[in-house]
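Here is the file upload_26.cif (mmCIF, N, CA and C atoms).
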```cif
data_data
loop_
_atom_site.group_PDB
_atom_site.id
_atom_site.type_symbol
_atom_site.label_atom_id
_atom_site.label_comp_id
_atom_site.auth_asym_id
_atom_site.auth_seq_id
_atom_site.Cartn_x
_atom_site.Cartn_y
_atom_site.Cartn_z
ATOM 1 N N MET A 647 0.851 -1.186 0.000
ATOM 2 C CA MET A 647 0.000 0.000 0.000
ATOM 3 C C MET A 647 0.888 1.238 0.000
ATOM 4 N N GLU A 648 0.489 2.203 -0.763
ATOM 5 C CA GLU A 648 1.247 3.442 -0.838
ATOM 6 C C GLU A 648 1.100 4.231 0.454
ATOM 7 N N GLN A 649 2.143 4.917 0.850
ATOM 8 C CA GLN A 649 2.115 5.726 2.077
ATOM 9 C C GLN A 649 0.993 6.754 2.057
ATOM 10 N N GLY A 650 0.712 7.349 0.925
ATOM 11 C CA GLY A 650 -0.294 8.387 0.829
ATOM 12 C C GLY A 650 -1.719 7.886 1.042
ATOM 13 N N ASN A 651 -1.916 6.591 0.906
ATOM 14 C CA ASN A 651 -3.241 6.001 1.049
ATOM 15 C C ASN A 651 -3.494 5.419 2.434
ATOM 16 N N ARG A 652 -2.590 5.589 3.346
ATOM 17 C CA ARG A 652 -2.697 4.967 4.659
ATOM 18 C C ARG A 652 -3.548 5.816 5.591
ATOM 19 N N VAL A 653 -4.274 5.129 6.452
ATOM 20 C CA VAL A 653 -5.093 5.774 7.479
ATOM 21 C C VAL A 653 -4.664 5.165 8.805
ATOM 22 N N GLY A 654 -4.098 5.985 9.680
ATOM 23 C CA GLY A 654 -3.487 5.512 10.912
ATOM 24 C C GLY A 654 -4.344 4.572 11.740
ATOM 25 N N VAL A 655 -5.585 4.953 12.001
ATOM 26 C CA VAL A 655 -6.427 4.132 12.864
ATOM 27 C C VAL A 655 -6.728 2.785 12.199
ATOM 28 N N LEU A 656 -6.870 2.773 10.889
ATOM 29 C CA LEU A 656 -7.090 1.502 10.193
ATOM 30 C C LEU A 656 -5.852 0.632 10.234
ATOM 31 N N ASP A 657 -4.694 1.231 10.048
ATOM 32 C CA ASP A 657 -3.441 0.481 10.114
ATOM 33 C C ASP A 657 -3.274 -0.151 11.492
ATOM 34 N N LYS A 658 -3.596 0.598 12.525
ATOM 35 C CA LYS A 658 -3.468 0.080 13.889
ATOM 36 C C LYS A 658 -4.485 -1.022 14.150
ATOM 37 N N SER A 659 -5.681 -0.851 13.652
ATOM 38 C CA SER A 659 -6.721 -1.869 13.832
ATOM 39 C C SER A 659 -6.346 -3.159 13.108
ATOM 40 N N VAL A 660 -5.821 -3.036 11.903
ATOM 41 C CA VAL A 660 -5.389 -4.212 11.152
ATOM 42 C C VAL A 660 -4.222 -4.889 11.867
ATOM 43 N N ALA A 661 -3.347 -4.122 12.469
ATOM 44 C CA ALA A 661 -2.240 -4.703 13.233
ATOM 45 C C ALA A 661 -2.777 -5.538 14.397
ATOM 46 N N LEU A 662 -3.810 -5.036 15.075
ATOM 47 C CA LEU A 662 -4.425 -5.800 16.168
ATOM 48 C C LEU A 662 -5.034 -7.091 15.644
ATOM 49 N N LEU A 663 -5.780 -7.001 14.551
ATOM 50 C CA LEU A 663 -6.404 -8.192 13.974
ATOM 51 C C LEU A 663 -5.351 -9.206 13.534
ATOM 52 N N SER A 664 -4.285 -8.725 12.951
ATOM 53 C CA SER A 664 -3.208 -9.622 12.516
ATOM 54 C C SER A 664 -2.561 -10.330 13.701
ATOM 55 N N ALA A 665 -2.350 -9.606 14.781
ATOM 56 C CA ALA A 665 -1.762 -10.212 15.977
ATOM 57 C C ALA A 665 -2.682 -11.291 16.535
ATOM 58 N N LEU A 666 -3.978 -11.064 16.464
ATOM 59 C CA LEU A 666 -4.944 -12.021 17.011
ATOM 60 C C LEU A 666 -5.114 -13.258 16.135
ATOM 61 N N GLU A 667 -4.577 -13.234 14.930
ATOM 62 C CA GLU A 667 -4.631 -14.426 14.087
ATOM 63 C C GLU A 667 -3.874 -15.590 14.717
ATOM 64 N N LEU A 668 -2.915 -15.282 15.567
ATOM 65 C CA LEU A 668 -2.111 -16.323 16.216
ATOM 66 C C LEU A 668 -2.839 -16.974 17.379
ATOM 67 N N GLY A 669 -3.917 -16.363 17.834
ATOM 68 C CA GLY A 669 -4.686 -16.895 18.954
ATOM 69 C C GLY A 669 -5.009 -15.803 19.944
ATOM 70 N N PRO A 670 -5.752 -16.154 21.004
ATOM 71 C CA PRO A 670 -6.154 -15.166 22.006
ATOM 72 C C PRO A 670 -4.943 -14.504 22.681
ATOM 73 N N LEU A 671 -5.082 -13.203 22.935
ATOM 74 C CA LEU A 671 -4.007 -12.441 23.572
ATOM 75 C C LEU A 671 -4.580 -11.525 24.643
ATOM 76 N N SER A 672 -3.786 -11.287 25.662
ATOM 77 C CA SER A 672 -4.151 -10.299 26.677
ATOM 78 C C SER A 672 -3.887 -8.907 26.127
ATOM 79 N N LEU A 673 -4.353 -7.911 26.846
ATOM 80 C CA LEU A 673 -4.091 -6.534 26.431
ATOM 81 C C LEU A 673 -2.593 -6.267 26.362
ATOM 82 N N ALA A 674 -1.861 -6.706 27.366
ATOM 83 C CA ALA A 674 -0.411 -6.495 27.381
ATOM 84 C C ALA A 674 0.251 -7.171 26.184
ATOM 85 N N GLU A 675 -0.192 -8.382 25.860
ATOM 86 C CA GLU A 675 0.369 -9.104 24.716
ATOM 87 C C GLU A 675 0.010 -8.419 23.405
ATOM 88 N N LEU A 676 -1.215 -7.907 23.316
ATOM 89 C CA LEU A 676 -1.621 -7.159 22.117
ATOM 90 C C LEU A 676 -0.753 -5.920 21.924
ATOM 91 N N ALA A 677 -0.562 -5.191 23.004
ATOM 92 C CA ALA A 677 0.261 -3.979 22.933
ATOM 93 C C ALA A 677 1.686 -4.321 22.521
ATOM 94 N N GLU A 678 2.227 -5.375 23.107
ATOM 95 C CA GLU A 678 3.602 -5.770 22.775
ATOM 96 C C GLU A 678 3.707 -6.245 21.327
ATOM 97 N N ALA A 679 2.742 -7.049 20.887
ATOM 98 C CA ALA A 679 2.783 -7.597 19.527
ATOM 99 C C ALA A 679 2.647 -6.522 18.457
ATOM 100 N N THR A 680 1.925 -5.459 18.769
ATOM 101 C CA THR A 680 1.673 -4.414 17.770
ATOM 102 C C THR A 680 2.560 -3.186 17.936
ATOM 103 N N GLY A 681 3.184 -3.050 19.095
ATOM 104 C CA GLY A 681 3.986 -1.860 19.362
ATOM 105 C C GLY A 681 3.135 -0.648 19.731
ATOM 106 N N LEU A 682 1.849 -0.887 19.985
ATOM 107 C CA LEU A 682 0.953 0.213 20.363
ATOM 108 C C LEU A 682 0.980 0.414 21.874
ATOM 109 N N PRO A 683 0.763 1.645 22.323
ATOM 110 C CA PRO A 683 0.603 1.864 23.764
ATOM 111 C C PRO A 683 -0.642 1.114 24.251
ATOM 112 N N LYS A 684 -0.606 0.644 25.495
ATOM 113 C CA LYS A 684 -1.743 -0.109 26.034
ATOM 114 C C LYS A 684 -3.070 0.629 25.912
ATOM 115 N N PRO A 685 -3.134 1.938 26.246
ATOM 116 C CA PRO A 685 -4.435 2.616 26.116
ATOM 117 C C PRO A 685 -4.973 2.616 24.686
ATOM 118 N N THR A 686 -4.093 2.752 23.711
ATOM 119 C CA THR A 686 -4.511 2.733 22.310
ATOM 120 C C THR A 686 -4.979 1.340 21.914
ATOM 121 N N ALA A 687 -4.209 0.324 22.280
ATOM 122 C CA ALA A 687 -4.588 -1.059 21.974
ATOM 123 C C ALA A 687 -5.929 -1.397 22.615
ATOM 124 N N HIS A 688 -6.134 -0.950 23.853
ATOM 125 C CA HIS A 688 -7.379 -1.229 24.565
ATOM 126 C C HIS A 688 -8.565 -0.550 23.875
ATOM 127 N N ARG A 689 -8.414 0.714 23.554
ATOM 128 C CA ARG A 689 -9.493 1.464 22.900
ATOM 129 C C ARG A 689 -9.866 0.833 21.565
ATOM 130 N N LEU A 690 -8.876 0.497 20.767
ATOM 131 C CA LEU A 690 -9.153 -0.086 19.457
ATOM 132 C C LEU A 690 -9.706 -1.507 19.573
ATOM 133 N N ALA A 691 -9.180 -2.292 20.510
ATOM 134 C CA ALA A 691 -9.678 -3.652 20.695
ATOM 135 C C ALA A 691 -11.141 -3.628 21.116
ATOM 136 N N LEU A 692 -11.503 -2.713 22.014
ATOM 137 C CA LEU A 692 -12.899 -2.619 22.435
ATOM 138 C C LEU A 692 -13.790 -2.151 21.290
ATOM 139 N N ALA A 693 -13.282 -1.271 20.443
ATOM 140 C CA ALA A 693 -14.056 -0.842 19.272
ATOM 141 C C ALA A 693 -14.270 -2.024 18.334
ATOM 142 N N LEU A 694 -13.255 -2.871 18.170
ATOM 143 C CA LEU A 694 -13.392 -4.051 17.318
ATOM 144 C C LEU A 694 -14.373 -5.054 17.927
ATOM 145 N N VAL A 695 -14.402 -5.134 19.254
ATOM 146 C CA VAL A 695 -15.401 -5.963 19.934
ATOM 147 C C VAL A 695 -16.794 -5.425 19.622
ATOM 148 N N GLY A 696 -16.950 -4.128 19.719
ATOM 149 C CA GLY A 696 -18.235 -3.492 19.443
ATOM 150 C C GLY A 696 -18.737 -3.724 18.030
ATOM 151 N N HIS A 697 -17.819 -3.908 17.095
ATOM 152 C CA HIS A 697 -18.183 -4.154 15.703
ATOM 153 C C HIS A 697 -18.291 -5.644 15.391
ATOM 154 N N GLY A 698 -18.086 -6.477 16.391
ATOM 155 C CA GLY A 698 -18.224 -7.918 16.204
ATOM 156 C C GLY A 698 -17.056 -8.590 15.513
ATOM 157 N N LEU A 699 -15.933 -7.901 15.371
ATOM 158 C CA LEU A 699 -14.760 -8.484 14.720
ATOM 159 C C LEU A 699 -13.852 -9.209 15.702
ATOM 160 N N VAL A 700 -13.957 -8.850 16.968
ATOM 161 C CA VAL A 700 -13.143 -9.437 18.036
ATOM 162 C C VAL A 700 -14.082 -9.790 19.178
ATOM 163 N N HIS A 701 -13.724 -10.849 19.892
ATOM 164 C CA HIS A 701 -14.481 -11.277 21.075
ATOM 165 C C HIS A 701 -13.569 -11.130 22.285
ATOM 166 N N ARG A 702 -14.151 -10.715 23.397
ATOM 167 C CA ARG A 702 -13.373 -10.647 24.638
ATOM 168 C C ARG A 702 -13.888 -11.727 25.577
ATOM 169 N N GLU A 703 -13.007 -12.649 25.928
ATOM 170 C CA GLU A 703 -13.358 -13.744 26.820
ATOM 171 C C GLU A 703 -13.551 -13.222 28.239
ATOM 172 N N GLU A 704 -14.220 -14.008 29.063
ATOM 173 C CA GLU A 704 -14.419 -13.619 30.461
ATOM 174 C C GLU A 704 -13.092 -13.429 31.176
ATOM 175 N N SER A 705 -12.067 -14.143 30.741
ATOM 176 C CA SER A 705 -10.735 -14.022 31.351
ATOM 177 C C SER A 705 -10.043 -12.716 30.965
ATOM 178 N N GLY A 706 -10.633 -11.990 30.006
ATOM 179 C CA GLY A 706 -10.044 -10.729 29.564
ATOM 180 C C GLY A 706 -9.252 -10.852 28.276
ATOM 181 N N LEU A 707 -9.030 -12.074 27.815
ATOM 182 C CA LEU A 707 -8.287 -12.261 26.562
ATOM 183 C C LEU A 707 -9.140 -11.834 25.377
ATOM 184 N N PHE A 708 -8.475 -11.285 24.379
ATOM 185 C CA PHE A 708 -9.131 -10.913 23.128
ATOM 186 C C PHE A 708 -8.861 -12.001 22.102
ATOM 187 N N GLU A 709 -9.878 -12.319 21.279
ATOM 188 C CA GLU A 709 -9.702 -13.312 20.223
ATOM 189 C C GLU A 709 -10.558 -12.957 19.022
ATOM 190 N N LEU A 710 -10.163 -13.491 17.876
ATOM 191 C CA LEU A 710 -10.963 -13.277 16.667
ATOM 192 C C LEU A 710 -12.254 -14.071 16.760
#
```
Starting from the file, lay out its structure as structure tokens.
Amino acid sequence: MEQGNRVGVLDKSVALLSALELGPLSLAELAEATGLPKPTAHRLALALVGHGLVHREESGLFEL
């Protein structure tokens, strides 16, 4: 993808989804896998949950 066509929040969201392809991850693991700050990873992960793209287990783990 060309740099001029990139949208930061989408790039970060796709990074979260890509990390979750490996299996369920905690917030800390998501942040580490994507290089995002924990608050950003948390906000985006919850938005993805709200859109039905990610599920949050009772244990707190996020999964596709």
**Message:** Could you check the closest approach to Thr680 in chain A for each of A:Leu662, A:Glu709, A:Leu656, A:Glu703 and tell me which residue wins, using all atoms listed in the file?
**Reply:** A:Leu662
**Request:** Run DSSP on the backbone and give me the residues of chain A it puts in helix (DSSP H, G or I), as a PyMOL selection string.
**Result:** chain A and resi 649-651+654-666+673-680+684-696
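Of the listed residues (A:Ser672, A:Val655, A:Pro683, A:Arg689), A:Ser672 comes nearest to Ser705 in chain A; the distances count all atoms listed in the file.
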**Item:** Nearest residue to Ala691 in chain A from the set A:Phe708, A:Asn651, A:Ser664, A:Gly669 (distances using only N, CA and C atoms)
**Value:**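 Among the listed residues, the smallest separation from Ala691 in chain A belongs to A:Phe708.
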**Asked** Rounded to one decimal in Å, what is the spacing between atom C of Gly706 in chain A and atom N of Asp657 in chain A?
**Response**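 Separation of atom C of Gly706 in chain A and atom N of Asp657 in chain A: 22.3 Å.
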**Message:** I need the residues of chain A that end up classed as strand (DSSP E) by DSSP on the backbone, written out as a ChimeraX atom specification.
**Reply:** /A:701-702,708-709
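Between CA of Glu675 in chain A and atom C of Arg652 in chain A the interatomic distance comes to 24.6 Å.
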**Distance in Å - atom C of Gly698 in chain A versus atom N of Pro670 in chain A** = 14.7 Å
**Request:** Give the answer as one residue: which of A:Leu673, A:Leu663, A:Leu668, A:Ala687 has the shortest atom-to-atom distance to Leu707 in chain A, using all atoms listed in the file?
**Result:** A:Leu673
**Prompt:** Nearest to Leu710 in chain A among A:Leu676, A:Leu682, A:Leu690, A:Glu667, with distances taken over only C-alpha atoms: which residue is it?
**Reply:**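 For Leu710 in chain A, the nearest of the candidates is A:Glu667.
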Can you tell me, as lines of an AutoDock Vina configuration file, the centre and edge lengths (Å, one decimal) of the axis-aligned box enclosing all of range 692-699 of chain A's listed atoms after padding each side by 4 Å?
```
center_x = -15.1
center_y = -5.0
center_z = 18.6
size_x = 15.2
size_y = 16.4
size_z = 15.7
```
**Request:** Counting only C-alpha atoms, figure out which residue out of A:Gly654, A:Ala661, A:Pro685, A:Leu671 gets nearest to Arg702 in chain A.
**Result:**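 Looking at the shortest contact to Arg702 in chain A, the residue is A:Leu671.
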